[in-house]
file start-v2.tsv (TSV, C-alpha atoms)
chain	number	residue	atom	x	y	z
A	1	GLN	CA	-51.26	51.99	8.61
A	2	VAL	CA	-47.73	53.04	9.49
A	3	GLN	CA	-44.98	53.09	6.89
A	4	LEU	CA	-41.38	52.87	8.03
A	5	VAL	CA	-38.44	53.61	5.76
A	6	GLU	CA	-34.90	52.82	6.87
A	7	SER	CA	-31.79	54.44	5.45
A	8	GLY	CA	-28.11	54.83	6.22
A	9	GLY	CA	-26.90	51.29	5.71
A	10	GLY	CA	-23.82	50.45	3.69
A	11	LEU	CA	-20.39	48.87	3.62
A	12	VAL	CA	-17.92	49.87	6.32
A	13	GLN	CA	-14.64	48.53	7.63
A	14	ALA	CA	-14.37	46.99	11.07
A	15	GLY	CA	-14.03	49.72	13.67
A	16	GLY	CA	-16.04	52.15	11.59
A	17	SER	CA	-19.38	53.73	12.26
A	18	LEU	CA	-22.76	54.22	10.64
A	19	ARG	CA	-25.97	55.97	11.60
A	20	LEU	CA	-29.22	54.39	10.57
A	21	SER	CA	-32.41	56.40	10.27
A	22	CYS	CA	-36.01	55.27	10.20
A	23	ALA	CA	-38.64	57.71	9.02
A	24	ALA	CA	-42.25	57.02	9.96
A	25	SER	CA	-45.30	58.17	8.02
A	26	ALA	CA	-47.64	58.42	10.98
A	27	ARG	CA	-48.49	61.72	12.62
A	28	ALA	CA	-48.92	59.80	15.89
A	29	PHE	CA	-45.24	58.80	15.84
A	30	SER	CA	-44.60	60.35	19.24
A	31	SER	CA	-47.03	57.86	20.79
A	32	TYR	CA	-45.19	54.79	19.44
A	33	ALA	CA	-42.42	52.84	21.09
A	34	MET	CA	-39.78	52.00	18.48
A	35	GLY	CA	-37.18	49.34	18.02
A	36	TRP	CA	-34.30	48.19	15.85
A	37	PHE	CA	-33.77	44.55	14.98
A	38	ARG	CA	-31.37	42.74	12.67
A	39	GLN	CA	-31.18	39.52	10.74
A	40	ALA	CA	-27.98	37.96	9.49
A	41	PRO	CA	-27.98	35.34	6.71
A	42	GLY	CA	-29.13	31.99	8.02
A	43	LYS	CA	-30.02	33.39	11.42
A	44	GLU	CA	-33.21	34.48	13.13
A	45	ARG	CA	-34.15	38.11	13.52
A	46	GLU	CA	-32.82	39.48	16.79
A	47	PHE	CA	-33.34	42.49	19.00
A	48	VAL	CA	-30.80	45.29	18.78
A	49	ALA	CA	-32.20	48.32	20.63
A	50	ALA	CA	-35.47	49.94	21.62
A	51	ILE	CA	-36.75	53.28	22.81
A	52	SER	CA	-39.89	54.38	24.59
A	53	ARG	CA	-42.33	56.86	23.09
A	54	SER	CA	-40.98	59.59	25.37
A	55	GLY	CA	-37.38	58.80	24.48
A	56	ARG	CA	-36.47	58.54	28.17
A	57	GLY	CA	-36.48	54.75	28.23
A	58	THR	CA	-33.91	52.90	26.13
A	59	GLY	CA	-32.39	49.46	26.06
A	60	GLY	CA	-30.07	47.38	23.93
A	61	ALA	CA	-28.87	43.86	23.42
A	62	ASP	CA	-25.77	42.87	25.35
A	63	SER	CA	-23.89	42.41	22.08
A	64	VAL	CA	-24.24	46.11	21.19
A	65	LYS	CA	-24.16	47.84	24.58
A	66	GLY	CA	-21.53	50.52	24.71
A	67	ARG	CA	-21.34	50.63	20.92
A	68	PHE	CA	-24.86	51.34	19.61
A	69	THR	CA	-27.16	54.15	20.72
A	70	ILE	CA	-30.83	54.53	19.87
A	71	SER	CA	-32.48	57.93	19.83
A	72	ARG	CA	-35.54	59.61	18.38
A	73	ASP	CA	-36.68	62.99	17.15
A	74	ASN	CA	-40.44	63.15	17.47
A	75	ALA	CA	-40.58	66.45	15.59
A	76	LYS	CA	-39.09	64.67	12.56
A	77	ASN	CA	-40.94	61.36	13.00
A	78	THR	CA	-37.57	59.64	12.96
A	79	VAL	CA	-35.70	57.12	15.08
A	80	TYR	CA	-31.94	56.66	14.80
A	81	LEU	CA	-29.40	53.97	15.52
A	82	GLN	CA	-25.86	55.26	15.94
A	83	MET	CA	-23.43	52.38	15.52
A	84	LEU	CA	-19.80	52.72	16.59
A	85	SER	CA	-16.88	50.28	16.66
A	86	LEU	CA	-18.60	48.04	14.16
A	87	LYS	CA	-17.59	44.40	13.96
A	88	PRO	CA	-17.98	41.87	11.14
A	89	GLU	CA	-20.56	40.07	13.27
A	90	ASP	CA	-22.75	43.18	13.08
A	91	THR	CA	-23.31	42.42	9.39
A	92	ALA	CA	-27.04	41.99	8.84
A	93	VAL	CA	-30.17	43.54	7.45
A	94	TYR	CA	-31.37	46.08	10.02
A	95	TYR	CA	-35.09	46.60	10.50
A	96	CYS	CA	-36.98	49.37	12.18
A	97	ALA	CA	-40.22	48.50	13.99
A	98	ALA	CA	-43.07	50.43	15.54
A	99	ARG	CA	-45.25	49.46	18.46
A	100	VAL	CA	-48.59	51.29	18.08
A	101	ARG	CA	-50.46	49.48	20.86
A	102	PRO	CA	-50.33	51.61	24.02
A	103	LEU	CA	-47.38	51.43	26.40
A	104	GLY	CA	-46.24	53.55	29.28
A	105	ALA	CA	-44.38	56.70	28.31
A	106	ASN	CA	-41.01	55.38	29.43
A	107	VAL	CA	-41.50	51.73	28.54
A	108	TYR	CA	-39.65	50.02	25.73
A	109	VAL	CA	-39.96	46.43	24.53
A	110	SER	CA	-37.50	43.96	23.03
A	111	GLU	CA	-39.75	41.15	21.83
A	112	ILE	CA	-40.38	40.83	18.11
A	113	SER	CA	-44.02	39.95	18.75
A	114	ALA	CA	-44.54	43.24	20.59
A	115	TYR	CA	-44.19	45.27	17.41
A	116	ASP	CA	-46.95	46.01	14.93
A	117	TYR	CA	-45.25	47.50	11.88
A	118	TRP	CA	-41.92	46.85	10.20
A	119	GLY	CA	-39.78	48.56	7.62
A	120	GLN	CA	-38.19	46.87	4.62
A	121	GLY	CA	-34.73	46.87	6.13
A	122	THR	CA	-31.35	48.32	5.26
A	123	GLN	CA	-28.19	46.28	4.69
A	124	VAL	CA	-25.17	46.82	6.91
A	125	THR	CA	-21.98	45.05	5.90
A	126	VAL	CA	-18.84	45.23	8.02
A	127	SER	CA	-15.65	44.02	6.41
A	128	SER	CA	-12.72	42.70	8.41
call {"tool": "encode", "arguments": {"input": "start-v2.tsv", "output": "structure tokens"}}
result
Amino acid sequence: QVQLVESGGGLVQAGGSLRLSCAASARAFSSYAMGWFRQAPGKEREFVAAISRSGRGTGGADSVKGRFTISRDNAKNTVYLQMLSLKPEDTAVYYCAARVRPLGANVYVSEISAYDYWGQGTQVTVSS
């Protein structure tokens, strides 16, 4: 069982920044690919960014490229999402997810179904 706890959400004005953190309980964290997803009211959950277990492979949705950066610190069992130049359309609950089934060291995945464990989410609200 892997527990994921997100933090760092909040209310920010358009153009502002936030850094989300996701702390994992598992000692095998360094062997998990990780991802960030978000869900806005009335919309389906969508991919935001993902990172391989090595940290060398990363990817993001077109809507956040150039603004959001995913990173991880395996020594701290934590994955981060740095969000810059926030827009009102970024308003959503942000979820951290862990893929515990084996993947290549530099492989990341964007599909919701590829992930095995999910956090409870953290609210991000961007005002215009």
call {"tool": "atom_distance", "arguments": {"input": "start-v2.tsv", "atom1": "atom CA of Leu4 of chain A", "atom2": "atom CA of Ser127 of chain A"}}
result
27.3 Å
call {"tool": "closest_residue", "arguments": {"input": "start-v2.tsv", "among": "A:Asn74, A:Ser25, A:Gln3, A:Ser17", "to": "Asp116 of chain A", "atoms": "all atoms listed in the file"}}
result
A:Gln3
call {"tool": "atom_distance", "arguments": {"input": "start-v2.tsv", "atom1": "atom CA of Pro88 of chain A", "atom2": "atom CA of Ser21 of chain A"}}
result
20.5 Å
call {"tool": "closest_residue", "arguments": {"input": "start-v2.tsv", "among": "A:Ser30, A:Ser7, A:Ser52, A:Gln13", "to": "Tyr95 of chain A", "atoms": "all atoms listed in the file"}}
result
A:Ser7
call {"tool": "closest_residue", "arguments": {"input": "start-v2.tsv", "among": "A:Lys76, A:Lys65, A:Arg38, A:Arg56", "to": "Gly9 of chain A", "atoms": "all atoms listed in the file"}}
result
A:Arg38
call {"tool": "residues_around", "arguments": {"input": "start-v2.tsv", "residues": "Ser128 of chain A", "least_positions_apart": "2", "cutoff": "10 Å", "atoms": "all atoms listed in the file", "output": "NGL selection string"}}
result
:A and (12-15 or 86-89 or 125-126)
call {"tool": "write_last_selection", "arguments": {"input": "start-v2.tsv", "atoms": "C-alpha atoms", "output": "mmCIF file, keeping the file's coordinate frame"}}
result
data_model
loop_
_atom_site.group_PDB
_atom_site.id
_atom_site.type_symbol
_atom_site.label_atom_id
_atom_site.label_comp_id
_atom_site.auth_asym_id
_atom_site.auth_seq_id
_atom_site.Cartn_x
_atom_site.Cartn_y
_atom_site.Cartn_z
ATOM 1 C CA VAL A 12 -17.920 49.870 6.320
ATOM 2 C CA GLN A 13 -14.640 48.530 7.630
ATOM 3 C CA ALA A 14 -14.370 46.990 11.070
ATOM 4 C CA GLY A 15 -14.030 49.720 13.670
ATOM 5 C CA LEU A 86 -18.600 48.040 14.160
ATOM 6 C CA LYS A 87 -17.590 44.400 13.960
ATOM 7 C CA PRO A 88 -17.980 41.870 11.140
ATOM 8 C CA GLU A 89 -20.560 40.070 13.270
ATOM 9 C CA THR A 125 -21.980 45.050 5.900
ATOM 10 C CA VAL A 126 -18.840 45.230 8.020
#
call {"tool": "atom_distance", "arguments": {"input": "start-v2.tsv", "atom1": "atom CA of Gly57 of chain A", "atom2": "atom CA of Val100 of chain A"}}
result
16.2 Å
call {"tool": "closest_residue", "arguments": {"input": "start-v2.tsv", "among": "A:Trp36, A:Phe47, A:Tyr108, A:Phe29", "to": "Ile70 of chain A", "atoms": "only C-alpha atoms"}}
result
A:Trp36
call {"tool": "closest_residue", "arguments": {"input": "start-v2.tsv", "among": "A:Asp73, A:Ala97, A:Arg27, A:Val124", "to": "Glu111 of chain A", "atoms": "all atoms listed in the file"}}
result
A:Ala97
call {"tool": "residues_around", "arguments": {"input": "start-v2.tsv", "residues": "Ala105 of chain A", "least_positions_apart": "4", "cutoff": "12 Å", "atoms": "all atoms listed in the file", "output": "count of residues only"}}
result
14
call {"tool": "closest_residue", "arguments": {"input": "start-v2.tsv", "among": "A:Ala61, A:Ala92, A:Ile112, A:Val79", "to": "Glu6 of chain A", "atoms": "all atoms listed in the file"}}
result
A:Val79
call {"tool": "decode", "arguments": {"input": "start-v2.tsv", "residues": "segment 72-87 of chain A", "atoms": "all heavy atoms", "output": "CSV table (one decimal), in the first residue's frame"}}
result
chain,number,residue,atom,x,y,z
A,72,ARG,N,11.5,15.4,-8.9
A,72,ARG,CA,11.4,14.5,-7.8
A,72,ARG,C,12.7,14.5,-7.0
A,72,ARG,O,13.8,14.8,-7.5
A,72,ARG,CB,11.0,13.1,-8.2
A,72,ARG,CG,12.1,12.4,-9.0
A,72,ARG,CD,11.6,11.1,-9.6
A,72,ARG,NE,11.2,10.2,-8.6
A,72,ARG,CZ,10.3,9.1,-8.8
A,72,ARG,NH1,9.8,9.0,-10.0
A,72,ARG,NH2,10.0,8.3,-7.8
A,73,ASP,N,12.5,14.2,-5.7
A,73,ASP,CA,13.7,14.0,-4.8
A,73,ASP,C,13.5,12.6,-4.2
A,73,ASP,O,12.7,12.5,-3.2
A,73,ASP,CB,13.7,15.1,-3.7
A,73,ASP,CG,15.0,15.1,-2.9
A,73,ASP,OD1,15.6,14.0,-2.8
A,73,ASP,OD2,15.3,16.1,-2.3
A,74,ASN,N,14.2,11.7,-4.7
A,74,ASN,CA,14.0,10.3,-4.2
A,74,ASN,C,14.5,10.1,-2.8
A,74,ASN,O,14.0,9.3,-2.0
A,74,ASN,CB,14.7,9.3,-5.1
A,74,ASN,CG,14.0,9.1,-6.4
A,74,ASN,OD1,12.8,9.5,-6.5
A,74,ASN,ND2,14.6,8.6,-7.4
A,75,ALA,N,15.4,11.0,-2.3
A,75,ALA,CA,15.9,10.9,-1.0
A,75,ALA,C,14.8,11.3,0.0
A,75,ALA,O,14.8,10.9,1.2
A,75,ALA,CB,17.1,11.7,-0.8
A,76,LYS,N,13.9,12.2,-0.5
A,76,LYS,CA,12.8,12.7,0.4
A,76,LYS,C,11.5,12.0,0.1
A,76,LYS,O,10.4,12.4,0.6
A,76,LYS,CB,12.7,14.2,0.2
A,76,LYS,CG,13.9,15.0,0.7
A,76,LYS,CD,13.7,16.5,0.6
A,76,LYS,CE,14.9,17.2,1.2
A,76,LYS,NZ,14.7,18.7,1.0
A,77,ASN,N,11.5,11.1,-0.8
A,77,ASN,CA,10.2,10.4,-1.2
A,77,ASN,C,9.1,11.4,-1.7
A,77,ASN,O,8.0,11.3,-1.3
A,77,ASN,CB,9.6,9.5,-0.1
A,77,ASN,CG,10.4,8.2,0.1
A,77,ASN,OD1,11.4,8.0,-0.5
A,77,ASN,ND2,9.9,7.4,1.0
A,78,THR,N,9.6,12.4,-2.4
A,78,THR,CA,8.7,13.5,-2.8
A,78,THR,C,8.8,13.9,-4.2
A,78,THR,O,9.9,13.9,-4.8
A,78,THR,CB,9.0,14.7,-1.9
A,78,THR,OG1,8.8,14.4,-0.5
A,78,THR,CG2,8.0,15.9,-2.2
A,79,VAL,N,7.6,14.1,-4.8
A,79,VAL,CA,7.6,14.7,-6.2
A,79,VAL,C,6.9,16.0,-6.1
A,79,VAL,O,6.1,16.3,-5.3
A,79,VAL,CB,6.8,13.7,-7.1
A,79,VAL,CG1,5.3,13.6,-6.7
A,79,VAL,CG2,6.9,14.2,-8.6
A,80,TYR,N,7.4,16.9,-7.0
A,80,TYR,CA,7.0,18.3,-7.0
A,80,TYR,C,6.4,18.7,-8.3
A,80,TYR,O,6.7,18.1,-9.4
A,80,TYR,CB,8.2,19.2,-6.7
A,80,TYR,CG,8.9,18.9,-5.5
A,80,TYR,CD1,10.1,18.1,-5.5
A,80,TYR,CD2,8.5,19.4,-4.2
A,80,TYR,CE1,10.8,17.8,-4.3
A,80,TYR,CE2,9.2,19.1,-3.1
A,80,TYR,CZ,10.3,18.3,-3.1
A,80,TYR,OH,11.0,18.0,-2.0
A,81,LEU,N,5.5,19.7,-8.3
A,81,LEU,CA,5.0,20.4,-9.5
A,81,LEU,C,5.2,21.9,-9.3
A,81,LEU,O,4.4,22.5,-8.5
A,81,LEU,CB,3.6,20.0,-9.7
A,81,LEU,CG,3.0,20.5,-11.1
A,81,LEU,CD1,3.7,19.8,-12.3
A,81,LEU,CD2,1.5,20.3,-11.1
A,82,GLN,N,6.1,22.5,-10.0
A,82,GLN,CA,6.3,23.9,-9.9
A,82,GLN,C,5.4,24.5,-11.0
A,82,GLN,O,5.5,24.2,-12.2
A,82,GLN,CB,7.8,24.3,-10.2
A,82,GLN,CG,8.0,25.8,-10.2
A,82,GLN,CD,7.9,26.4,-8.8
A,82,GLN,OE1,8.5,26.0,-7.9
A,82,GLN,NE2,7.0,27.4,-8.8
A,83,MET,N,4.6,25.4,-10.6
A,83,MET,CA,3.6,26.0,-11.5
A,83,MET,C,3.8,27.5,-11.6
A,83,MET,O,3.8,28.2,-10.6
A,83,MET,CB,2.2,25.7,-11.1
A,83,MET,CG,1.9,24.2,-10.9
A,83,MET,SD,0.2,23.9,-10.5
A,83,MET,CE,0.0,24.6,-8.9
A,84,LEU,N,4.2,28.0,-12.8
A,84,LEU,CA,4.4,29.4,-13.0
A,84,LEU,C,3.3,30.0,-14.0
A,84,LEU,O,2.7,29.2,-14.7
A,84,LEU,CB,5.8,29.6,-13.6
A,84,LEU,CG,7.0,29.0,-12.9
A,84,LEU,CD1,8.3,29.2,-13.7
A,84,LEU,CD2,7.1,29.6,-11.5
A,85,SER,N,3.2,31.3,-14.0
A,85,SER,CA,2.3,32.0,-14.9
A,85,SER,C,0.9,31.3,-14.9
A,85,SER,O,0.4,31.0,-16.0
A,85,SER,CB,2.9,31.9,-16.4
A,85,SER,OG,4.2,32.5,-16.4
A,86,LEU,N,0.4,31.1,-13.7
A,86,LEU,CA,-0.9,30.5,-13.6
A,86,LEU,C,-2.0,31.3,-14.2
A,86,LEU,O,-2.0,32.5,-14.2
A,86,LEU,CB,-1.2,30.2,-12.1
A,86,LEU,CG,-0.4,29.0,-11.5
A,86,LEU,CD1,-0.3,29.1,-10.0
A,86,LEU,CD2,-1.0,27.7,-11.9
A,87,LYS,N,-3.0,30.5,-14.7
A,87,LYS,CA,-4.1,31.1,-15.4
A,87,LYS,C,-5.4,30.6,-14.7
A,87,LYS,O,-5.4,29.5,-14.1
A,87,LYS,CB,-4.1,30.6,-16.9
A,87,LYS,CG,-2.9,30.9,-17.7
A,87,LYS,CD,-3.0,30.3,-19.1
A,87,LYS,CE,-1.7,30.5,-19.9
A,87,LYS,NZ,-1.8,29.9,-21.2
